[in-house]
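Contents: one structure, followed by commentary.
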Amino acid sequence: MANILLVANLNCDRILRLDKPLKMGGRFHYQDGGQRLGGGGANTGIGLVWAGHEVALVSQVGRDEIGDWLLAETSTLGIDCRLMQRYQQHTCEMLLVMTPDGERTIIRPERPRFELAAPPNWRNWDALYINSSAEGSVSWAKTALPHSLVVAQLAKDNRERPCHLLIASRADMQGRSELSPWQFGLSIAGESLRAFIVTDGADGAMLYQPEGETRVAAEAATVVDTTGAGDAYAAGLIHGLVRGDGYCQAMAEGARWAAFAVATESSIPGEQLKAYLEQAVTQKA
């Protein structure tokens with residue numbers, strides 16, 4: 001399988017379950033769902049580990065008990081944390097406010113400055129995934145492009161994201177640009193861009209390329225918790241691409257992983273995805 005490097009956040013999620021949907025000025029009761037492992041690094045990486053890939057994570061956590069817990073949990077699940085950085089500040093929780101319909105609102109603290117070290121030897125990595133505002137990520141991506149598949153998530157602003165494959169959600173795209181989707185993708189990713197994928201929940205995802213556009217359907221699912229669905233989609237997509245799938249086939253795999261994610265009451269992938277991947281390995285053998 002592949003060697004995959006992730007530049008993404010590692011979070012300690014605190015779950016607050018509300019008794020009714022959010023409404024401006026309202027009053028709500030909540031149940032404290034406790035702490036759980038989360039963030040794009042864990043949500044993306046765990047499924048890739050279960051699929052048989054070697055996965056390493058580049059992120060940062062504090063030098064405190066929560067930071068120690070995050071590293072221990074992530075390492076136990078099979079992700080290589082040797083490239084992680086530590087900072088002196090307290091590791092703050094990420095608040096995930098969940099409503100009865102499975103939707104969530106994220107309340108997060110300001111993150112400390114995160115600067116990447118010198119890039120690794122990209123000949124050792126088959127794929128690089130960037131879902132972080134870390135300083136130096138543009139340099140990493142540009143040096144990786146000749147050697148590795150580079151996949152990136154669209155940032156919350158229009159910062160540069162050099163990559164072969166750019167991913168965004170339909171919500172991310174609202175009001176962003178008057179350019180066509182492909183031209184907008186090029187403005188973010190540069191001339192290395194091969195495909196721009198825009199996900200749209202139950203309505204599937206659009207693939208934009210110079211030669212045209214294609215819609216790939218979503219997988220039907222019973223929504224329990226939407227946390228981590230986008231990360232699971234990206235992981236399934238990367239898994240498909242590194243095993244040699246075409247874009248549409250890889251997008252269908254991403255949709256399948258996302259369906260497992262929304263049907264699981266967790267930030268990180270659940271047992272349904274693990275069972276699916278174990279069955280795939282058995283069938284291949």
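Identifiers in this document derive from the order of the structure tokens: chains are assigned A, B, ..., residues are numbered from 1 separately in each chain, and ligands are numbered from 1 in order of occurrence.
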What's around Gln272 of chain A at 9 Å? Count only C-alpha atoms, leave out sequence neighbours fewer than 5 positions away in its own chain, and write the answer as a list in words.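 Contacts, in chain order: Phe260, Ala261, Ala263, Thr264 and Leu277 of chain A.
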Residues from the last selection, C-alpha atoms, saved as a compact mmCIF listing (two decimals), in the first residue's frame:
```
# COMPACT_ATOMS: atom_id res chain seq x y z
CA PHE A 260 -20.20 5.24 7.07
CA ALA A 261 -19.00 8.39 8.88
CA ALA A 263 -23.99 6.89 10.36
CA THR A 264 -21.51 6.72 13.27
CA LEU A 277 -12.29 -2.40 4.76
```
For segment 89-93 of chain A, find every residue with an atom within 12 Å (counting only C-alpha atoms), except residues of its own chain fewer than 3 positions away, and show them as a PDB file with N, CA, C and O atoms, in the first residue's frame.
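Contents of part_5.pdb, freshly written:
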```pdb
ATOM      1  N   LEU A  10      -5.174  17.967  14.880  1.00  0.00           N
ATOM      2  CA  LEU A  10      -5.495  16.903  15.826  1.00  0.00           C
ATOM      3  C   LEU A  10      -6.184  17.563  17.017  1.00  0.00           C
ATOM      4  O   LEU A  10      -5.597  18.420  17.681  1.00  0.00           O
ATOM      5  N   ASN A  11      -7.434  17.183  17.267  1.00  0.00           N
ATOM      6  CA  ASN A  11      -8.251  17.884  18.250  1.00  0.00           C
ATOM      7  C   ASN A  11      -8.744  16.975  19.372  1.00  0.00           C
ATOM      8  O   ASN A  11      -8.928  15.773  19.175  1.00  0.00           O
ATOM      9  N   CYS A  12      -8.991  17.612  20.489  1.00  0.00           N
ATOM     10  CA  CYS A  12      -9.751  16.983  21.567  1.00  0.00           C
ATOM     11  C   CYS A  12     -11.156  17.580  21.513  1.00  0.00           C
ATOM     12  O   CYS A  12     -11.368  18.734  21.872  1.00  0.00           O
ATOM     13  N   ASP A  13     -12.107  16.808  21.015  1.00  0.00           N
ATOM     14  CA  ASP A  13     -13.485  17.288  20.856  1.00  0.00           C
ATOM     15  C   ASP A  13     -14.271  17.118  22.153  1.00  0.00           C
ATOM     16  O   ASP A  13     -14.208  16.064  22.798  1.00  0.00           O
ATOM     17  N   ARG A  14     -15.004  18.148  22.530  1.00  0.00           N
ATOM     18  CA  ARG A  14     -15.957  18.075  23.651  1.00  0.00           C
ATOM     19  C   ARG A  14     -17.350  18.166  23.050  1.00  0.00           C
ATOM     20  O   ARG A  14     -17.685  19.136  22.382  1.00  0.00           O
ATOM     21  N   ILE A  15     -18.170  17.149  23.271  1.00  0.00           N
ATOM     22  CA  ILE A  15     -19.477  17.056  22.640  1.00  0.00           C
ATOM     23  C   ILE A  15     -20.565  17.579  23.577  1.00  0.00           C
ATOM     24  O   ILE A  15     -20.698  17.115  24.720  1.00  0.00           O
ATOM     25  N   LEU A  16     -21.340  18.536  23.092  1.00  0.00           N
ATOM     26  CA  LEU A  16     -22.496  19.061  23.815  1.00  0.00           C
ATOM     27  C   LEU A  16     -23.740  18.749  22.987  1.00  0.00           C
ATOM     28  O   LEU A  16     -23.894  19.257  21.870  1.00  0.00           O
ATOM     29  N   GLY A  34     -18.772  14.286  26.730  1.00  0.00           N
ATOM     30  CA  GLY A  34     -17.398  13.973  27.090  1.00  0.00           C
ATOM     31  C   GLY A  34     -16.406  14.259  25.982  1.00  0.00           C
ATOM     32  O   GLY A  34     -16.737  14.809  24.933  1.00  0.00           O
ATOM     33  N   GLN A  35     -15.168  13.884  26.230  1.00  0.00           N
ATOM     34  CA  GLN A  35     -14.085  14.104  25.283  1.00  0.00           C
ATOM     35  C   GLN A  35     -14.010  12.962  24.276  1.00  0.00           C
ATOM     36  O   GLN A  35     -14.303  11.820  24.595  1.00  0.00           O
ATOM     37  N   ARG A  36     -13.584  13.302  23.052  1.00  0.00           N
ATOM     38  CA  ARG A  36     -13.284  12.266  22.080  1.00  0.00           C
ATOM     39  C   ARG A  36     -12.242  12.780  21.095  1.00  0.00           C
ATOM     40  O   ARG A  36     -12.105  13.983  20.890  1.00  0.00           O
ATOM     41  N   LEU A  37     -11.508  11.872  20.528  1.00  0.00           N
ATOM     42  CA  LEU A  37     -10.480  12.194  19.559  1.00  0.00           C
ATOM     43  C   LEU A  37     -11.116  12.738  18.284  1.00  0.00           C
ATOM     44  O   LEU A  37     -12.122  12.218  17.811  1.00  0.00           O
ATOM     45  N   GLY A  38     -10.543  13.801  17.718  1.00  0.00           N
ATOM     46  CA  GLY A  38     -11.102  14.382  16.512  1.00  0.00           C
ATOM     47  C   GLY A  38     -10.074  15.192  15.749  1.00  0.00           C
ATOM     48  O   GLY A  38      -8.873  15.119  16.009  1.00  0.00           O
ATOM     49  N   GLY A  39     -10.559  15.973  14.806  1.00  0.00           N
ATOM     50  CA  GLY A  39      -9.689  16.756  13.947  1.00  0.00           C
ATOM     51  C   GLY A  39      -9.415  16.025  12.647  1.00  0.00           C
ATOM     52  O   GLY A  39      -9.483  14.796  12.574  1.00  0.00           O
ATOM     53  N   GLN A  60       0.220  19.873  15.644  1.00  0.00           N
ATOM     54  CA  GLN A  60       0.804  20.311  16.905  1.00  0.00           C
ATOM     55  C   GLN A  60      -0.227  20.230  18.017  1.00  0.00           C
ATOM     56  O   GLN A  60      -1.431  20.421  17.793  1.00  0.00           O
ATOM     57  N   VAL A  61       0.269  19.914  19.219  1.00  0.00           N
ATOM     58  CA  VAL A  61      -0.553  19.885  20.425  1.00  0.00           C
ATOM     59  C   VAL A  61       0.269  20.481  21.562  1.00  0.00           C
ATOM     60  O   VAL A  61       1.489  20.622  21.449  1.00  0.00           O
ATOM     61  N   GLY A  62      -0.390  20.817  22.655  1.00  0.00           N
ATOM     62  CA  GLY A  62       0.305  21.408  23.783  1.00  0.00           C
ATOM     63  C   GLY A  62       1.084  20.398  24.609  1.00  0.00           C
ATOM     64  O   GLY A  62       0.882  19.185  24.508  1.00  0.00           O
ATOM     65  N   ARG A  63       1.972  20.915  25.444  1.00  0.00           N
ATOM     66  CA  ARG A  63       2.715  20.070  26.377  1.00  0.00           C
ATOM     67  C   ARG A  63       1.930  19.985  27.687  1.00  0.00           C
ATOM     68  O   ARG A  63       2.282  20.613  28.687  1.00  0.00           O
ATOM     69  N   ASP A  64       0.845  19.230  27.655  1.00  0.00           N
ATOM     70  CA  ASP A  64       0.001  19.077  28.827  1.00  0.00           C
ATOM     71  C   ASP A  64      -0.673  17.715  28.770  1.00  0.00           C
ATOM     72  O   ASP A  64      -0.401  16.909  27.871  1.00  0.00           O
ATOM     73  N   GLU A  65      -1.559  17.440  29.708  1.00  0.00           N
ATOM     74  CA  GLU A  65      -2.188  16.116  29.784  1.00  0.00           C
ATOM     75  C   GLU A  65      -3.047  15.833  28.556  1.00  0.00           C
ATOM     76  O   GLU A  65      -3.074  14.708  28.054  1.00  0.00           O
ATOM     77  N   ILE A  66      -3.778  16.841  28.081  1.00  0.00           N
ATOM     78  CA  ILE A  66      -4.619  16.618  26.903  1.00  0.00           C
ATOM     79  C   ILE A  66      -3.744  16.327  25.681  1.00  0.00           C
ATOM     80  O   ILE A  66      -4.037  15.431  24.881  1.00  0.00           O
ATOM     81  N   GLY A  67      -2.647  17.081  25.530  1.00  0.00           N
ATOM     82  CA  GLY A  67      -1.732  16.818  24.434  1.00  0.00           C
ATOM     83  C   GLY A  67      -1.149  15.416  24.500  1.00  0.00           C
ATOM     84  O   GLY A  67      -1.057  14.713  23.484  1.00  0.00           O
ATOM     85  N   ASP A  68      -0.773  14.977  25.704  1.00  0.00           N
ATOM     86  CA  ASP A  68      -0.254  13.613  25.884  1.00  0.00           C
ATOM     87  C   ASP A  68      -1.314  12.588  25.498  1.00  0.00           C
ATOM     88  O   ASP A  68      -1.018  11.575  24.846  1.00  0.00           O
ATOM     89  N   TRP A  69      -2.560  12.846  25.914  1.00  0.00           N
ATOM     90  CA  TRP A  69      -3.661  11.922  25.613  1.00  0.00           C
ATOM     91  C   TRP A  69      -3.902  11.834  24.111  1.00  0.00           C
ATOM     92  O   TRP A  69      -4.082  10.738  23.561  1.00  0.00           O
ATOM     93  N   LEU A  70      -3.877  12.978  23.431  1.00  0.00           N
ATOM     94  CA  LEU A  70      -4.093  12.985  21.983  1.00  0.00           C
ATOM     95  C   LEU A  70      -3.029  12.157  21.259  1.00  0.00           C
ATOM     96  O   LEU A  70      -3.343  11.357  20.377  1.00  0.00           O
ATOM     97  N   LEU A  71      -1.776  12.342  21.633  1.00  0.00           N
ATOM     98  CA  LEU A  71      -0.696  11.603  20.977  1.00  0.00           C
ATOM     99  C   LEU A  71      -0.792  10.109  21.274  1.00  0.00           C
ATOM    100  O   LEU A  71      -0.568   9.275  20.382  1.00  0.00           O
ATOM    101  N   ARG A  86       5.112  20.119  19.531  1.00  0.00           N
ATOM    102  CA  ARG A  86       4.480  20.475  20.812  1.00  0.00           C
ATOM    103  C   ARG A  86       4.692  21.962  21.075  1.00  0.00           C
ATOM    104  O   ARG A  86       5.738  22.520  20.753  1.00  0.00           O
ATOM    105  N   LEU A  96     -18.079  20.832  20.110  1.00  0.00           N
ATOM    106  CA  LEU A  96     -18.977  20.410  19.038  1.00  0.00           C
ATOM    107  C   LEU A  96     -20.400  20.389  19.600  1.00  0.00           C
ATOM    108  O   LEU A  96     -20.735  19.560  20.452  1.00  0.00           O
ATOM    109  N   ILE A 106     -19.427  24.106  15.320  1.00  0.00           N
ATOM    110  CA  ILE A 106     -18.107  23.988  15.924  1.00  0.00           C
ATOM    111  C   ILE A 106     -17.693  25.329  16.527  1.00  0.00           C
ATOM    112  O   ILE A 106     -17.786  26.370  15.880  1.00  0.00           O
ATOM    113  N   ILE A 107     -17.248  25.275  17.766  1.00  0.00           N
ATOM    114  CA  ILE A 107     -16.718  26.453  18.456  1.00  0.00           C
ATOM    115  C   ILE A 107     -15.292  26.108  18.865  1.00  0.00           C
ATOM    116  O   ILE A 107     -15.075  25.217  19.688  1.00  0.00           O
ATOM    117  N   ARG A 108     -14.334  26.807  18.263  1.00  0.00           N
ATOM    118  CA  ARG A 108     -12.953  26.441  18.545  1.00  0.00           C
ATOM    119  C   ARG A 108     -12.144  27.646  19.001  1.00  0.00           C
ATOM    120  O   ARG A 108     -12.446  28.791  18.644  1.00  0.00           O
ATOM    121  N   PRO A 109     -11.115  27.401  19.790  1.00  0.00           N
ATOM    122  CA  PRO A 109     -10.261  28.502  20.244  1.00  0.00           C
ATOM    123  C   PRO A 109      -9.327  28.948  19.120  1.00  0.00           C
ATOM    124  O   PRO A 109      -9.138  28.237  18.125  1.00  0.00           O
ATOM    125  N   GLU A 110      -8.757  30.115  19.262  1.00  0.00           N
ATOM    126  CA  GLU A 110      -7.711  30.555  18.335  1.00  0.00           C
ATOM    127  C   GLU A 110      -6.516  29.621  18.491  1.00  0.00           C
ATOM    128  O   GLU A 110      -6.080  29.333  19.602  1.00  0.00           O
ATOM    129  N   ARG A 111      -5.992  29.147  17.382  1.00  0.00           N
ATOM    130  CA  ARG A 111      -4.866  28.229  17.434  1.00  0.00           C
ATOM    131  C   ARG A 111      -3.551  29.012  17.518  1.00  0.00           C
ATOM    132  O   ARG A 111      -3.410  30.078  16.903  1.00  0.00           O
ATOM    133  N   PRO A 112      -2.560  28.484  18.226  1.00  0.00           N
ATOM    134  CA  PRO A 112      -1.253  29.135  18.215  1.00  0.00           C
ATOM    135  C   PRO A 112      -0.598  29.007  16.846  1.00  0.00           C
ATOM    136  O   PRO A 112      -0.962  28.148  16.042  1.00  0.00           O
ATOM    137  N   ARG A 113       0.342  29.856  16.571  1.00  0.00           N
ATOM    138  CA  ARG A 113       1.068  29.841  15.294  1.00  0.00           C
ATOM    139  C   ARG A 113       1.717  28.472  15.095  1.00  0.00           C
ATOM    140  O   ARG A 113       2.340  27.930  16.006  1.00  0.00           O
TER     141      ARG A 113
END
```
So how many Å separate atom CA of Ala8 of chain A and atom CA of Gly270 of chain A, to one decimal?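 Taking atom CA of Ala8 of chain A as the start and atom CA of Gly270 of chain A as the end point, the length is 19.5 Å.
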So, with only C-alpha atoms as the atoms that count, which of A:Ile268, A:Val97, A:Leu186, A:Leu237 lies closest to Tyr208 of chain A? A:Leu186
Pick out the residues sitting within 12 Å of Leu193 of chain A, and hand them over as a ChimeraX atom specification; count only C-alpha atoms, and ignore anything fewer than 2 positions along from it in its own chain. /A:141-142,145,149-152,161-167,182-191,195-197,208-210
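Ranking A:Met206, A:Met173, A:Ala42, A:Ala2 by their shortest atom-to-atom distance to Gly244 of chain A, with only C-alpha atoms included, puts A:Ala2 first.
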Please extract the residues of segment 89-121 of chain A with a backbone DSSP assignment of strand (DSSP E) and present them as a ChimeraX atom specification. /A:94-98,104-107
Go ahead and save the picked residues with N, CA and C atoms, as a PDB file, in the first residue's frame.
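Below is the file selection_14.pdb, written as the result:
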```
ATOM      1  N   MET A  94     -12.052  21.474  21.540  1.00  0.00           N
ATOM      2  CA  MET A  94     -12.911  21.937  20.449  1.00  0.00           C
ATOM      3  C   MET A  94     -14.345  21.598  20.840  1.00  0.00           C
ATOM      4  N   LEU A  95     -15.229  22.584  20.909  1.00  0.00           N
ATOM      5  CA  LEU A  95     -16.612  22.339  21.298  1.00  0.00           C
ATOM      6  C   LEU A  95     -17.445  21.995  20.078  1.00  0.00           C
ATOM      7  N   LEU A  96     -18.079  20.832  20.110  1.00  0.00           N
ATOM      8  CA  LEU A  96     -18.977  20.410  19.038  1.00  0.00           C
ATOM      9  C   LEU A  96     -20.400  20.389  19.600  1.00  0.00           C
ATOM     10  N   VAL A  97     -21.211  21.334  19.143  1.00  0.00           N
ATOM     11  CA  VAL A  97     -22.588  21.462  19.623  1.00  0.00           C
ATOM     12  C   VAL A  97     -23.484  20.686  18.656  1.00  0.00           C
ATOM     13  N   MET A  98     -24.065  19.584  19.130  1.00  0.00           N
ATOM     14  CA  MET A  98     -24.842  18.681  18.291  1.00  0.00           C
ATOM     15  C   MET A  98     -26.331  18.881  18.539  1.00  0.00           C
ATOM     16  N   ARG A 104     -24.082  19.774  13.372  1.00  0.00           N
ATOM     17  CA  ARG A 104     -23.202  20.245  14.435  1.00  0.00           C
ATOM     18  C   ARG A 104     -22.678  21.634  14.144  1.00  0.00           C
ATOM     19  N   THR A 105     -22.446  22.382  15.227  1.00  0.00           N
ATOM     20  CA  THR A 105     -21.823  23.692  15.172  1.00  0.00           C
ATOM     21  C   THR A 105     -20.506  23.592  15.921  1.00  0.00           C
ATOM     22  N   ILE A 106     -19.427  24.106  15.320  1.00  0.00           N
ATOM     23  CA  ILE A 106     -18.107  23.988  15.924  1.00  0.00           C
ATOM     24  C   ILE A 106     -17.693  25.329  16.527  1.00  0.00           C
ATOM     25  N   ILE A 107     -17.248  25.275  17.766  1.00  0.00           N
ATOM     26  CA  ILE A 107     -16.718  26.453  18.456  1.00  0.00           C
ATOM     27  C   ILE A 107     -15.292  26.108  18.865  1.00  0.00           C
TER      28      ILE A 107
END
```
Could you pull out the helix (DSSP H, G or I) residues of segment 55-141 of chain A from DSSP and send them as number ranges by chain? A: 65-76, 122-124, 137-141
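Nearest-residue note for Ala134 of chain A: choosing from A:Gln174, A:Ser59, A:Thr99, A:Asn158, the minimum distance belongs to A:Ser59, counting only C-alpha atoms.
Between atom CA of Arg123 of chain A and atom CA of Gly230 of chain A lies a distance of 27.8 Å.
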Mind pulling up the distance from atom CA of Tyr129 of chain A to atom CA of Gly175 of chain A? 25.4 Å
